[in-house]
$ cat structure.txt   # compact mmCIF, C-alpha atoms and all ligand atoms
# COMPACT_ATOMS: atom_id res chain seq x y z
CA MET J 1 35.21 37.39 12.18
CA TRP J 2 32.70 38.43 9.47
CA ASN J 3 34.77 36.70 6.83
CA ALA J 4 34.64 33.46 8.79
CA PHE J 5 30.90 33.87 9.32
CA TRP J 6 30.13 34.54 5.64
CA SER J 7 32.31 31.64 4.53
CA VAL J 8 29.87 29.21 6.19
CA ALA J 9 26.62 31.18 6.14
CA SER J 10 23.93 29.73 3.90
CA PHE J 11 20.30 30.79 4.17
CA ASP J 12 17.64 28.84 2.33
CA ARG J 13 14.80 30.99 1.12
CA ILE J 14 11.98 30.68 3.65
CA ALA J 15 9.11 28.74 2.05
CA LEU J 16 5.82 30.59 2.38
CA ASP J 17 3.84 27.55 1.34
CA PRO J 18 3.15 25.35 4.40
CA VAL J 19 3.13 22.11 2.36
CA THR J 20 6.61 22.89 1.05
CA ARG J 21 7.78 23.65 4.60
CA ARG J 22 6.35 20.37 5.90
CA LEU J 23 7.74 18.27 3.07
CA ARG J 24 11.22 19.76 3.45
CA ARG J 25 11.33 18.18 6.89
CA CYS J 26 10.53 14.67 5.58
CA ALA J 27 13.67 12.59 5.13
CA SER J 28 12.16 9.16 5.89
CA VAL J 29 8.78 7.38 6.06
CA ASP J 30 8.86 7.92 9.79
CA ASP J 31 8.96 11.69 9.21
CA TYR J 32 5.82 11.59 7.04
CA ARG J 33 4.21 9.45 9.73
CA HIS J 34 5.03 11.98 12.44
CA ILE J 35 3.57 14.86 10.45
CA ALA J 36 0.46 12.83 9.56
CA ARG J 37 0.07 11.97 13.22
CA ARG J 38 0.10 15.65 14.13
CA ARG J 39 -2.27 16.73 11.35
CA LEU J 40 -4.90 13.97 11.35
CA PRO J 41 -7.50 13.45 14.08
CA ARG J 42 -6.36 10.67 16.40
CA GLY J 43 -9.17 8.34 15.32
CA VAL J 44 -8.24 8.78 11.65
CA PHE J 45 -4.51 8.40 12.24
CA ASP J 46 -5.04 5.26 14.31
CA TYR J 47 -7.30 3.76 11.64
CA ILE J 48 -4.43 4.13 9.14
CA ASP J 49 -1.53 3.38 11.45
CA GLY J 50 -2.97 0.61 13.59
CA GLY J 51 -2.89 -3.17 13.35
CA ALA J 52 -4.65 -6.18 14.82
CA GLU J 53 -4.64 -7.01 18.54
CA ASP J 54 -1.18 -6.50 20.10
CA GLU J 55 0.23 -5.29 16.76
CA ARG J 56 3.08 -7.80 16.91
CA THR J 57 2.72 -8.66 13.23
CA LEU J 58 2.50 -4.98 12.34
CA ALA J 59 5.87 -4.40 14.05
CA LYS J 60 7.40 -7.62 12.73
CA ASN J 61 6.53 -6.82 9.11
CA SER J 62 9.13 -4.05 9.18
CA SER J 63 11.58 -5.39 11.73
CA ALA J 64 11.90 -8.70 9.81
CA TYR J 65 13.74 -6.76 7.10
CA THR J 66 16.55 -6.24 9.62
CA ASP J 67 16.97 -10.03 9.84
CA TYR J 68 18.88 -9.70 6.57
CA GLU J 69 22.19 -7.97 5.92
CA PHE J 70 23.80 -7.09 2.63
CA VAL J 71 26.91 -8.70 1.22
CA PRO J 72 28.22 -5.67 -0.69
CA ARG J 73 30.64 -5.92 -3.60
CA VAL J 74 32.88 -2.99 -4.47
CA LEU J 75 34.89 -1.63 -7.40
CA ARG J 76 32.20 -2.42 -9.94
CA ASP J 77 31.17 0.21 -12.45
CA MET J 78 28.15 1.90 -10.86
CA SER J 79 27.93 4.84 -13.27
CA SER J 80 24.55 3.67 -14.57
CA ILE J 81 21.91 2.03 -12.38
CA ASP J 82 18.77 0.53 -13.94
CA THR J 83 15.81 -0.10 -11.60
CA SER J 84 13.27 -0.88 -14.33
CA THR J 85 11.37 -4.13 -14.52
CA SER J 86 8.08 -5.54 -15.78
CA LEU J 87 5.20 -7.45 -14.21
CA PHE J 88 2.64 -9.27 -16.39
CA GLY J 89 4.04 -7.38 -19.38
CA ILE J 90 3.50 -4.01 -17.65
CA ASP J 91 6.61 -1.80 -17.56
CA LEU J 92 7.60 -0.44 -14.13
CA SER J 93 10.31 2.16 -13.53
CA MET J 94 11.14 0.36 -10.26
CA PRO J 95 9.87 -2.80 -8.50
CA LEU J 96 7.26 -0.98 -6.42
CA VAL J 97 3.45 -1.05 -6.46
CA CYS J 98 0.95 1.08 -4.50
CA ALA J 99 -1.25 -1.42 -2.63
CA PRO J 100 -5.03 -0.89 -2.39
CA THR J 101 -6.26 1.00 0.66
CA GLY J 102 -9.91 1.53 1.45
CA PHE J 103 -11.19 4.93 2.50
CA THR J 104 -8.11 6.71 1.15
CA ARG J 105 -9.81 10.12 1.21
CA ILE J 106 -9.78 9.96 4.97
CA ALA J 107 -6.06 10.85 4.81
CA HIS J 108 -6.61 13.78 2.43
CA SER J 109 -9.55 14.97 0.35
CA HIS J 110 -7.73 14.25 -2.93
CA GLY J 111 -7.35 10.62 -1.88
CA GLU J 112 -7.13 8.07 -4.67
CA LEU J 113 -6.84 10.67 -7.44
CA ALA J 114 -3.68 12.09 -5.85
CA VAL J 115 -2.03 8.72 -5.27
CA ALA J 116 -2.94 7.38 -8.72
CA CYS J 117 -1.50 10.48 -10.44
CA ALA J 118 1.68 10.39 -8.35
CA ALA J 119 2.15 6.67 -9.07
CA ALA J 120 1.63 7.27 -12.81
CA ARG J 121 4.29 10.01 -12.76
CA ALA J 122 6.63 7.65 -10.91
CA GLY J 123 5.98 4.93 -13.52
CA ILE J 124 4.59 2.33 -11.12
CA PRO J 125 1.17 0.63 -10.77
CA TRP J 126 -1.43 1.94 -8.37
CA SER J 127 -4.32 -0.13 -6.98
CA LEU J 128 -7.91 0.84 -6.29
CA SER J 129 -9.71 -0.89 -3.41
CA THR J 130 -13.31 -2.10 -3.66
CA MET J 131 -13.66 0.02 -0.53
CA GLY J 132 -12.17 3.00 -2.37
CA THR J 133 -13.59 6.48 -2.09
CA ARG J 134 -13.29 7.35 -5.79
CA SER J 135 -14.95 5.39 -8.55
CA ILE J 136 -13.17 3.15 -11.03
CA GLU J 137 -14.03 5.59 -13.81
CA ASP J 138 -13.12 8.78 -11.92
CA VAL J 139 -9.57 7.58 -11.36
CA ALA J 140 -9.24 6.35 -14.93
CA ALA J 141 -10.25 9.83 -16.11
CA VAL J 142 -7.26 11.47 -14.40
CA SER J 143 -4.55 8.81 -14.61
CA ALA J 144 -3.23 7.07 -17.71
CA GLY J 145 -0.78 5.09 -15.57
CA SER J 146 -1.03 1.39 -14.77
CA LYS J 147 -4.10 0.77 -12.59
CA TRP J 148 -4.99 -2.43 -10.78
CA PHE J 149 -8.29 -3.20 -9.09
CA GLN J 150 -8.74 -5.04 -5.80
CA VAL J 151 -11.76 -7.15 -5.00
CA TYR J 152 -13.05 -8.87 -1.97
CA THR J 153 -15.59 -11.53 -2.74
CA TRP J 154 -18.82 -9.98 -1.65
CA ARG J 155 -21.96 -12.01 -1.13
CA ASP J 156 -23.40 -10.39 -4.24
CA ARG J 157 -21.31 -11.99 -7.01
CA SER J 158 -23.12 -10.17 -9.78
CA MET J 159 -21.92 -6.91 -8.25
CA VAL J 160 -18.30 -8.13 -8.20
CA ALA J 161 -18.63 -9.30 -11.82
CA ASP J 162 -20.01 -5.91 -12.79
CA LEU J 163 -17.20 -4.06 -10.96
CA LEU J 164 -14.66 -6.18 -12.84
CA ARG J 165 -16.35 -5.43 -16.17
CA ARG J 166 -16.22 -1.72 -15.34
CA ALA J 167 -12.53 -2.04 -14.36
CA ALA J 168 -11.72 -3.82 -17.64
CA ASP J 169 -13.62 -1.19 -19.65
CA ALA J 170 -11.73 1.57 -17.85
CA GLY J 171 -8.35 -0.01 -18.70
CA TYR J 172 -7.38 -1.53 -15.36
CA GLU J 173 -4.69 -4.08 -16.04
CA ALA J 174 -4.63 -6.56 -13.13
CA VAL J 175 -6.77 -7.68 -10.23
CA TRP J 176 -5.86 -8.40 -6.64
CA LEU J 177 -8.19 -10.89 -4.95
CA THR J 178 -7.80 -10.28 -1.22
CA VAL J 179 -8.05 -13.59 0.60
CA ASP J 180 -7.02 -12.77 4.17
CA THR J 181 -10.30 -11.21 5.21
CA ALA J 182 -12.70 -14.11 5.92
CA VAL J 183 -13.64 -11.95 8.91
CA LEU J 184 -12.29 -8.58 9.95
CA GLY J 185 -9.26 -8.55 12.27
CA ARG J 186 -9.70 -6.97 15.67
CA ARG J 187 -8.06 -3.54 15.45
CA GLU J 188 -8.15 -2.49 19.03
CA ARG J 189 -7.26 1.14 18.43
CA ASP J 190 -10.47 1.40 16.35
CA VAL J 191 -12.46 -0.45 19.02
CA ARG J 192 -11.18 1.91 21.71
CA ARG J 193 -11.99 4.99 19.67
CA GLY J 194 -15.32 3.65 18.41
CA MET J 195 -14.05 4.24 14.88
CA THR J 196 -16.78 4.32 12.25
CA LEU J 197 -16.60 4.87 8.52
CA PRO J 198 -17.25 7.60 7.65
CA PRO J 199 -16.30 9.24 10.95
CA LYS J 200 -19.43 9.80 13.03
CA LEU J 201 -19.73 13.08 14.90
CA GLY J 202 -19.92 12.57 18.63
CA PRO J 203 -18.38 14.57 21.49
CA GLY J 204 -15.08 12.66 21.14
CA THR J 205 -14.76 13.07 17.37
CA LEU J 206 -15.88 16.68 17.62
CA ILE J 207 -13.07 17.54 20.02
CA ASP J 208 -10.64 15.49 17.90
CA GLY J 209 -11.77 17.48 14.84
CA VAL J 210 -11.44 20.85 16.59
CA LEU J 211 -7.93 19.94 17.70
CA HIS J 212 -6.99 19.16 14.08
CA PRO J 213 -8.51 22.12 12.22
CA ALA J 214 -6.58 21.78 8.95
CA TRP J 215 -7.85 18.23 8.39
CA THR J 216 -11.36 19.13 9.52
CA TRP J 217 -11.53 22.15 7.21
CA ASP J 218 -10.35 20.00 4.28
CA PHE J 219 -12.92 17.29 5.18
CA LEU J 220 -15.84 19.72 5.50
CA ARG J 221 -15.10 21.62 2.29
CA HIS J 222 -15.32 18.51 0.07
CA GLU J 223 -18.12 16.18 -0.87
CA PRO J 224 -18.89 13.46 1.69
CA ILE J 225 -16.70 10.39 1.65
CA THR J 226 -18.50 7.27 0.41
CA PHE J 227 -17.57 3.81 -0.83
CA ALA J 228 -17.72 5.23 -4.36
CA ASN J 229 -17.44 1.94 -6.25
CA VAL J 230 -20.34 0.22 -4.63
CA ALA J 231 -22.53 3.32 -4.34
CA ASP J 232 -24.67 2.40 -7.35
CA TYR J 233 -25.52 -1.06 -6.12
CA ASP J 234 -28.10 -2.15 -3.65
CA THR J 235 -25.63 -2.13 -0.79
CA ASP J 236 -24.24 0.17 1.86
CA ASP J 237 -22.44 3.02 0.10
CA GLY J 238 -20.82 4.25 3.28
CA SER J 239 -22.88 7.42 3.36
CA THR J 240 -24.17 6.48 6.76
CA ALA J 241 -21.84 5.82 9.65
CA VAL J 242 -21.45 2.11 10.36
CA SER J 243 -18.70 0.39 12.26
CA LEU J 244 -16.22 -1.16 9.84
CA ALA J 245 -16.59 -4.62 11.40
CA GLU J 246 -20.35 -4.48 11.02
CA HIS J 247 -20.09 -3.34 7.40
CA MET J 248 -17.57 -6.05 6.47
CA HIS J 249 -19.56 -8.72 8.21
CA ARG J 250 -22.64 -7.78 6.23
CA GLN J 251 -20.94 -7.64 2.83
CA PHE J 252 -18.12 -10.16 2.78
CA ASP J 253 -18.57 -13.78 1.91
CA ASP J 254 -16.89 -15.73 4.69
CA ALA J 255 -17.48 -18.95 2.70
CA LEU J 256 -14.87 -17.89 0.11
CA SER J 257 -12.87 -20.93 -1.07
CA TRP J 258 -10.38 -21.99 -3.75
CA ASP J 259 -13.31 -22.62 -6.14
CA ASP J 260 -13.91 -18.87 -6.14
CA VAL J 261 -10.59 -18.33 -7.87
CA ASP J 262 -12.02 -20.33 -10.81
CA TRP J 263 -15.09 -18.14 -10.68
CA LEU J 264 -12.92 -15.02 -10.75
CA ARG J 265 -11.08 -16.38 -13.76
CA SER J 266 -14.43 -16.75 -15.54
CA VAL J 267 -15.19 -13.04 -15.13
CA TRP J 268 -11.70 -11.47 -15.48
CA ASP J 269 -9.37 -12.06 -18.44
CA GLY J 270 -6.26 -10.32 -17.13
CA PRO J 271 -3.67 -11.22 -14.49
CA ILE J 272 -4.92 -12.25 -11.04
CA VAL J 273 -2.84 -11.77 -7.89
CA LEU J 274 -3.97 -13.50 -4.68
CA LYS J 275 -3.36 -11.00 -1.92
CA GLY J 276 -2.94 -12.46 1.54
CA ILE J 277 -0.97 -15.68 0.98
CA GLN J 278 0.77 -16.45 4.28
CA SER J 279 2.15 -19.97 3.89
CA VAL J 280 4.19 -22.03 1.46
CA ALA J 281 1.33 -24.55 1.22
CA ASP J 282 -1.15 -21.91 0.05
CA ALA J 283 1.38 -20.45 -2.40
CA LYS J 284 1.68 -23.94 -3.90
CA GLN J 285 -2.08 -24.27 -4.13
CA ALA J 286 -2.38 -20.80 -5.67
CA VAL J 287 -0.03 -21.86 -8.45
CA ALA J 288 -1.97 -25.09 -8.87
CA VAL J 289 -5.21 -23.15 -9.49
CA GLY J 290 -3.35 -21.04 -12.03
CA VAL J 291 -3.07 -17.56 -10.52
CA ASP J 292 -0.55 -15.23 -12.12
CA GLY J 293 0.75 -13.61 -8.97
CA ILE J 294 1.13 -14.26 -5.26
CA GLY J 295 0.79 -11.36 -2.89
CA LEU J 296 2.65 -12.39 0.25
CA SER J 297 0.68 -10.31 2.69
CA ASN J 298 -0.98 -10.20 6.08
CA HIS J 299 -2.90 -7.02 5.24
CA GLY J 300 -0.20 -4.88 6.80
CA GLY J 301 -0.67 -6.61 10.18
CA ARG J 302 -4.35 -5.62 10.29
CA GLN J 303 -5.86 -9.11 10.28
CA LEU J 304 -4.23 -12.05 12.12
CA ASP J 305 -1.75 -11.05 14.79
CA ASP J 306 1.29 -13.37 14.83
CA ALA J 307 0.95 -14.07 11.12
CA PRO J 308 4.42 -14.36 9.54
CA ALA J 309 6.19 -11.31 8.15
CA PRO J 310 5.87 -11.42 4.34
CA VAL J 311 9.60 -10.86 3.76
CA SER J 312 10.38 -14.06 5.69
CA LEU J 313 8.20 -16.06 3.27
CA ILE J 314 9.78 -14.91 0.02
CA GLU J 315 12.63 -17.37 -0.09
CA PRO J 316 10.72 -20.55 0.87
CA VAL J 317 7.84 -19.64 -1.45
CA ARG J 318 10.18 -18.94 -4.37
CA GLN J 319 11.93 -22.25 -3.74
CA GLU J 320 8.58 -24.05 -3.78
CA ILE J 321 6.98 -22.42 -6.84
CA GLY J 322 10.04 -21.59 -8.95
CA GLU J 323 9.13 -19.14 -11.71
CA GLN J 324 5.50 -20.27 -12.02
CA ALA J 325 4.08 -17.02 -10.60
CA VAL J 326 5.06 -13.45 -9.86
CA ILE J 327 5.73 -12.78 -6.16
CA ILE J 328 4.82 -9.42 -4.65
CA CYS J 329 5.94 -8.85 -1.07
CA ASP J 330 3.41 -6.65 0.70
CA GLY J 331 3.82 -5.11 4.14
CA GLY J 332 6.44 -3.40 6.26
CA ALA J 333 8.71 -1.96 3.54
CA ARG J 334 9.82 1.50 4.60
CA ARG J 335 12.95 2.12 2.52
CA GLY J 336 14.40 1.43 -0.90
CA SER J 337 16.88 -0.90 0.82
CA ASP J 338 13.92 -3.05 1.97
CA VAL J 339 12.76 -3.31 -1.65
CA VAL J 340 16.27 -4.38 -2.73
CA LYS J 341 16.36 -7.06 -0.03
CA ALA J 342 12.94 -8.42 -1.06
CA VAL J 343 13.97 -8.63 -4.72
CA ALA J 344 17.27 -10.29 -3.79
CA LEU J 345 15.35 -12.91 -1.79
CA GLY J 346 13.21 -13.72 -4.83
CA ALA J 347 10.31 -11.24 -4.99
CA ASP J 348 9.48 -9.53 -8.28
CA ALA J 349 8.22 -6.39 -6.58
CA VAL J 350 7.16 -4.89 -3.26
CA SER J 351 3.91 -3.13 -2.48
CA ILE J 352 3.34 -0.39 0.07
CA GLY J 353 0.23 0.94 1.81
CA ARG J 354 0.79 3.10 4.89
CA PRO J 355 3.89 4.92 3.56
CA TYR J 356 1.85 6.65 0.84
CA LEU J 357 -1.06 7.29 3.22
CA TYR J 358 1.27 9.04 5.66
CA ALA J 359 2.73 11.08 2.78
CA LEU J 360 -0.77 11.94 1.56
CA GLY J 361 -1.75 13.07 5.05
CA ALA J 362 1.45 15.09 5.42
CA GLY J 363 1.50 16.82 2.04
CA GLY J 364 -1.24 15.65 -0.34
CA GLU J 365 -0.23 14.68 -3.87
CA ARG J 366 3.14 16.41 -3.59
CA GLY J 367 3.81 14.36 -0.47
CA VAL J 368 3.20 11.15 -2.42
CA ASP J 369 5.44 12.36 -5.29
CA GLN J 370 8.23 13.01 -2.81
CA LEU J 371 7.71 9.69 -1.04
CA LEU J 372 7.91 7.66 -4.27
CA GLU J 373 11.07 9.56 -5.19
CA PHE J 374 12.46 8.67 -1.75
CA PHE J 375 11.88 4.97 -2.52
CA ARG J 376 13.45 5.33 -5.99
CA GLU J 377 16.55 7.07 -4.67
CA GLY J 378 16.81 4.47 -1.91
CA ILE J 379 16.69 1.58 -4.38
CA GLU J 380 19.28 3.24 -6.63
CA ARG J 381 21.60 4.14 -3.76
CA THR J 382 21.40 0.64 -2.23
CA MET J 383 22.14 -0.94 -5.60
CA ALA J 384 25.15 1.36 -6.08
CA LEU J 385 26.47 0.70 -2.56
CA THR J 386 26.05 -3.06 -2.91
CA GLY J 387 27.61 -3.14 -6.37
CA ARG J 388 24.58 -4.22 -8.39
CA ALA J 389 23.68 -2.14 -11.45
CA THR J 390 20.53 -3.97 -12.58
CA LEU J 391 17.66 -5.82 -10.90
CA ALA J 392 18.81 -9.05 -12.60
CA GLU J 393 21.93 -8.84 -10.41
CA LEU J 394 19.87 -8.74 -7.20
CA ASP J 395 20.14 -12.40 -6.30
CA ARG J 396 20.40 -14.46 -3.15
CA SER J 397 24.15 -13.80 -2.88
CA LEU J 398 23.35 -10.16 -2.04
CA VAL J 399 21.80 -10.89 1.35
CA THR J 400 22.67 -13.04 4.29
CA ARG J 401 20.62 -13.85 7.38
CA ARG J 402 21.87 -11.96 10.38
CA VAL J 403 23.11 -14.36 13.07
C1 LIG Q 1 -5.78 2.24 5.99
C2 LIG Q 1 -5.60 0.95 5.24
C3 LIG Q 1 -6.65 0.47 4.46
C4 LIG Q 1 -6.49 -0.72 3.75
N1 LIG Q 1 -7.50 -1.15 2.95
C5 LIG Q 1 -7.33 -2.28 2.20
C6 LIG Q 1 -8.34 -2.69 1.30
O1 LIG Q 1 -9.38 -2.05 1.15
N2 LIG Q 1 -8.11 -3.83 0.59
C7 LIG Q 1 -6.97 -4.57 0.73
O2 LIG Q 1 -6.81 -5.59 0.07
N3 LIG Q 1 -5.99 -4.16 1.56
C8 LIG Q 1 -6.14 -3.05 2.28
N4 LIG Q 1 -5.13 -2.63 3.12
C9 LIG Q 1 -3.87 -3.37 3.17
C10 LIG Q 1 -2.88 -2.84 2.12
O3 LIG Q 1 -3.31 -3.16 0.82
C11 LIG Q 1 -1.49 -3.45 2.30
O4 LIG Q 1 -1.64 -4.85 2.34
C12 LIG Q 1 -0.77 -2.99 3.55
O5 LIG Q 1 -1.01 -1.63 3.80
C13 LIG Q 1 0.72 -3.24 3.38
O6 LIG Q 1 1.40 -2.95 4.56
P1 LIG Q 1 2.14 -1.53 4.83
O7 LIG Q 1 1.06 -0.59 5.19
O8 LIG Q 1 3.06 -1.86 5.95
O9 LIG Q 1 2.86 -1.14 3.57
C14 LIG Q 1 -5.28 -1.45 3.84
C15 LIG Q 1 -4.24 -0.95 4.63
C16 LIG Q 1 -4.38 0.24 5.32
C17 LIG Q 1 -3.23 0.76 6.13

$ encode --input "structure.txt" --output "structure tokens"
Amino acid sequence: MWNAFWSVASFDRIALDPVTRRLRRCASVDDYRHIARRRLPRGVFDYIDGGAEDERTLAKNSSAYTDYEFVPRVLRDMSSIDTSTSLFGIDLSMPLVCAPTGFTRIAHSHGELAVACAAARAGIPWSLSTMGTRSIEDVAAVSAGSKWFQVYTWRDRSMVADLLRRAADAGYEAVWLTVDTAVLGRRERDVRRGMTLPPKLGPGTLIDGVLHPAWTWDFLRHEPITFANVADYDTDDGSTAVSLAEHMHRQFDDALSWDDVDWLRSVWDGPIVLKGIQSVADAKQAVAVGVDGIGLSNHGGRQLDDAPAPVSLIEPVRQEIGEQAVIICDGGARRGSDVVKAVALGADAVSIGRPYLYALGAGGERGVDQLLEFFREGIERTMALTGRATLAELDRSLVTRRV
């Protein structure tokens, strides 16, 4: 009996470190999400996790990937898989980009610094939001990896021009201009919870905080969260609690138009990606005004509910614009196989937001390292199982629309 027992017994050393224990349990993005949901106060988790109105677009962004199936080929030499690519002359170890997320430190005190360092180690670009909680320069001081900066067009153009000058001086390589935020989408989870940025202490948030002591302890031990990039300007730096909708309404220019892309070109020399293109017609116009990249995106389902899933736009947009601009598919990707599908349909890369925020909430910087490795392994495995050794072989023949 003992012989039989010992032949199958295998005891992993028990990890004393709680982060290691948590991360060992994460096998998919959904696992990071579950742990983040347990650790973060409900208001914080819902701010990250939620979408606009009935969240149909939020759900569709991911489920639309299942509209496509692979057409695998076998008996090809898969002993060496190469996932590397380049965007705007920047080398990437895989076709993945970390999208900009505002208020990143709400997931974990290390926030942007942790994600930027993890992305640099993974060999992929990371993006800083105008609404970021670490300054352009602070991130540049810790990460030599590829950094992109995201701007909204604020009413105060001189401030945007100055931010872009600072980004260029600090070595940021590309700019996202987010164009899907003429007004803020109605995120009903935030409305219900009275979500403010930074979180405002009231009886509800106090109880929420007490019920999530690890997050609260981390939050209280570090310097207050502010909109670090705009803190030096004559604007709201986020140090007082305001509702997000109120803040956006005050700062964003809802008269933004195609002429503003010309203006952006006059103050930024590097590549420009329009983030928030949601139709073939606008993709065509974006190419006509000379942008370098098209970010097919609906802000992760946080703006217009019933906007199309970005993955469903890749093929028609690529057909319309040919090779005139880079296409980045943003929203809903949760596995390496999703990235492979997007590239096969004609995207140059995929960007992710919530997956790294969940990983950050679940395990800090190490969580993000592990998550990016999960995507890399997923891309490599899918390529091996579909018989494609390089990204150049990921073409339309690899996927078919499920009937
Ligand atoms: C918490 C959160 C904050 C975000 N903040 C910004 C932002 O400041 N600027 C921006 O252009 N997009 C922002 N986004 C959208 C992301 O850049 C990206 O489009 C989206 O997360 C992609 O969808 P995914 O989360 O399904 O990967 C944010 C998304 C989340 C979840």

$ axis_aligned_box --input "structure.txt" --around "range 326-339 of chain J" --padding-each-side "8 Å" --output "JSON"
{"center_x": 10.1, "center_y": -5.7, "center_z": -1.8, "size_x": 29.5, "size_y": 31.6, "size_z": 32.1}

$ closest_atom_pairs --input "structure.txt" --of "chain J" --to "ligand LIG 1 (chain Q)" --cutoff "8 Å" --atoms "only C-alpha atoms and all ligand atoms" --output "CSV"
residue,atom,partner,partner_atom,distance
J:Tyr47,CA,Q:LIG1,C1,6.0
J:Ile48,CA,Q:LIG1,C1,3.9
J:Asp49,CA,Q:LIG1,C17,6.2
J:Gly50,CA,Q:LIG1,C17,7.5
J:Leu58,CA,Q:LIG1,O8,7.1
J:Asn61,CA,Q:LIG1,O8,6.8
J:Ser62,CA,Q:LIG1,O8,7.2
J:Ala99,CA,Q:LIG1,O3,4.4
J:Pro100,CA,Q:LIG1,O3,4.3
J:Thr101,CA,Q:LIG1,N1,3.4
J:Gly102,CA,Q:LIG1,O1,3.6
J:Phe103,CA,Q:LIG1,C3,6.7
J:Thr104,CA,Q:LIG1,C1,7.0
J:Ser129,CA,Q:LIG1,O1,4.7
J:Thr130,CA,Q:LIG1,O1,6.2
J:Met131,CA,Q:LIG1,O1,5.0
J:Gly132,CA,Q:LIG1,O1,6.8
J:Gln150,CA,Q:LIG1,O2,6.2
J:Val151,CA,Q:LIG1,O2,7.3
J:Tyr152,CA,Q:LIG1,O2,7.3
J:Trp176,CA,Q:LIG1,O2,7.3
J:Leu177,CA,Q:LIG1,O2,7.4
J:Thr178,CA,Q:LIG1,O2,5.0
J:Lys275,CA,Q:LIG1,O2,6.7
J:Gly276,CA,Q:LIG1,O4,7.8
J:Ser297,CA,Q:LIG1,O4,5.9
J:Asn298,CA,Q:LIG1,O4,6.6
J:His299,CA,Q:LIG1,O4,3.8
J:Gly300,CA,Q:LIG1,O6,3.4
J:Gly301,CA,Q:LIG1,O6,7.0
J:Arg302,CA,Q:LIG1,C15,7.3
J:Asp330,CA,Q:LIG1,C13,5.1
J:Gly331,CA,Q:LIG1,O6,3.3
J:Gly332,CA,Q:LIG1,O8,3.7
J:Ala333,CA,Q:LIG1,O9,5.9
J:Arg334,CA,Q:LIG1,O9,7.5
J:Ser351,CA,Q:LIG1,O9,6.5
J:Ile352,CA,Q:LIG1,O9,3.6
J:Gly353,CA,Q:LIG1,O5,3.5
J:Arg354,CA,Q:LIG1,O7,3.7
J:Pro355,CA,Q:LIG1,O9,6.1
J:Leu357,CA,Q:LIG1,C1,7.4

$ atom_distance --input "structure.txt" --atom1 "CA of Leu184 in chain J" --atom2 "CA of Glu320 in chain J"
29.4 Å

$ residues_around --input "structure.txt" --residues "range 187-194 of chain J" --least-positions-apart "4" --cutoff "6 Å" --atoms "all atoms listed in the file" --output "mmCIF file with C-alpha atoms, keeping the file's coordinate frame"
data_model
loop_
_atom_site.group_PDB
_atom_site.id
_atom_site.type_symbol
_atom_site.label_atom_id
_atom_site.label_comp_id
_atom_site.auth_asym_id
_atom_site.auth_seq_id
_atom_site.Cartn_x
_atom_site.Cartn_y
_atom_site.Cartn_z
ATOM 1 C CA GLY J 51 -2.890 -3.170 13.350
ATOM 2 C CA ALA J 52 -4.650 -6.180 14.820
ATOM 3 C CA GLU J 53 -4.640 -7.010 18.540
#

$ closest_residue --input "structure.txt" --among "J:Glu377, J:Arg21, J:Ala344, J:Thr133" --to "Ser109 in chain J" --atoms "all atoms listed in the file"
J:Thr133

$ atom_distance --input "structure.txt" --atom1 "CA of Glu315 in chain J" --atom2 "CA of Arg396 in chain J"
8.8 Å

$ closest_residue --input "structure.txt" --among "J:Val343, J:Ile136, J:Leu211, J:Ile14" --to "Gly171 in chain J" --atoms "all atoms listed in the file"
J:Ile136

$ closest_residue --input "structure.txt" --among "J:Phe227, J:Tyr65, J:Trp215, J:Phe70" --to "Cys329 in chain J" --atoms "all atoms listed in the file"
J:Tyr65

$ atom_distance --input "structure.txt" --atom1 "CA of Ala281 in chain J" --atom2 "CA of Gly295 in chain J"
13.8 Å

$ residues_around --input "structure.txt" --residues "Ile106 in chain J" --least-positions-apart "4" --cutoff "8 Å" --atoms "all atoms listed in the file" --output "PDB file with C-alpha atoms, keeping the file's coordinate frame"
ATOM      1  CA  VAL J  44      -8.240   8.780  11.650  1.00  0.00           C
ATOM      2  CA  GLY J 111      -7.350  10.620  -1.880  1.00  0.00           C
ATOM      3  CA  PHE J 219     -12.920  17.290   5.180  1.00  0.00           C
ATOM      4  CA  ILE J 225     -16.700  10.390   1.650  1.00  0.00           C
TER       5      ILE J 225
END

$ residues_around --input "structure.txt" --residues "Thr400 in chain J" --least-positions-apart "6" --cutoff "10 Å" --atoms "all atoms listed in the file" --output "list in words"
Asp67, Tyr68, Glu69, Phe70, Val71, Lys341 and Leu345 of chain J

$ residues_around --input "structure.txt" --residues "Val267 in chain J" --least-positions-apart "6" --cutoff "9 Å" --atoms "only C-alpha atoms" --output "list of chain:residue names"
J:Ala161, J:Asp162, J:Leu164, J:Arg165

$ residues_around --input "structure.txt" --residues "Val19 in chain J" --least-positions-apart "6" --cutoff "12 Å" --atoms "all atoms listed in the file" --output "PyMOL selection string"
chain J and resi 25-26+32+35+39+214+359-368+370
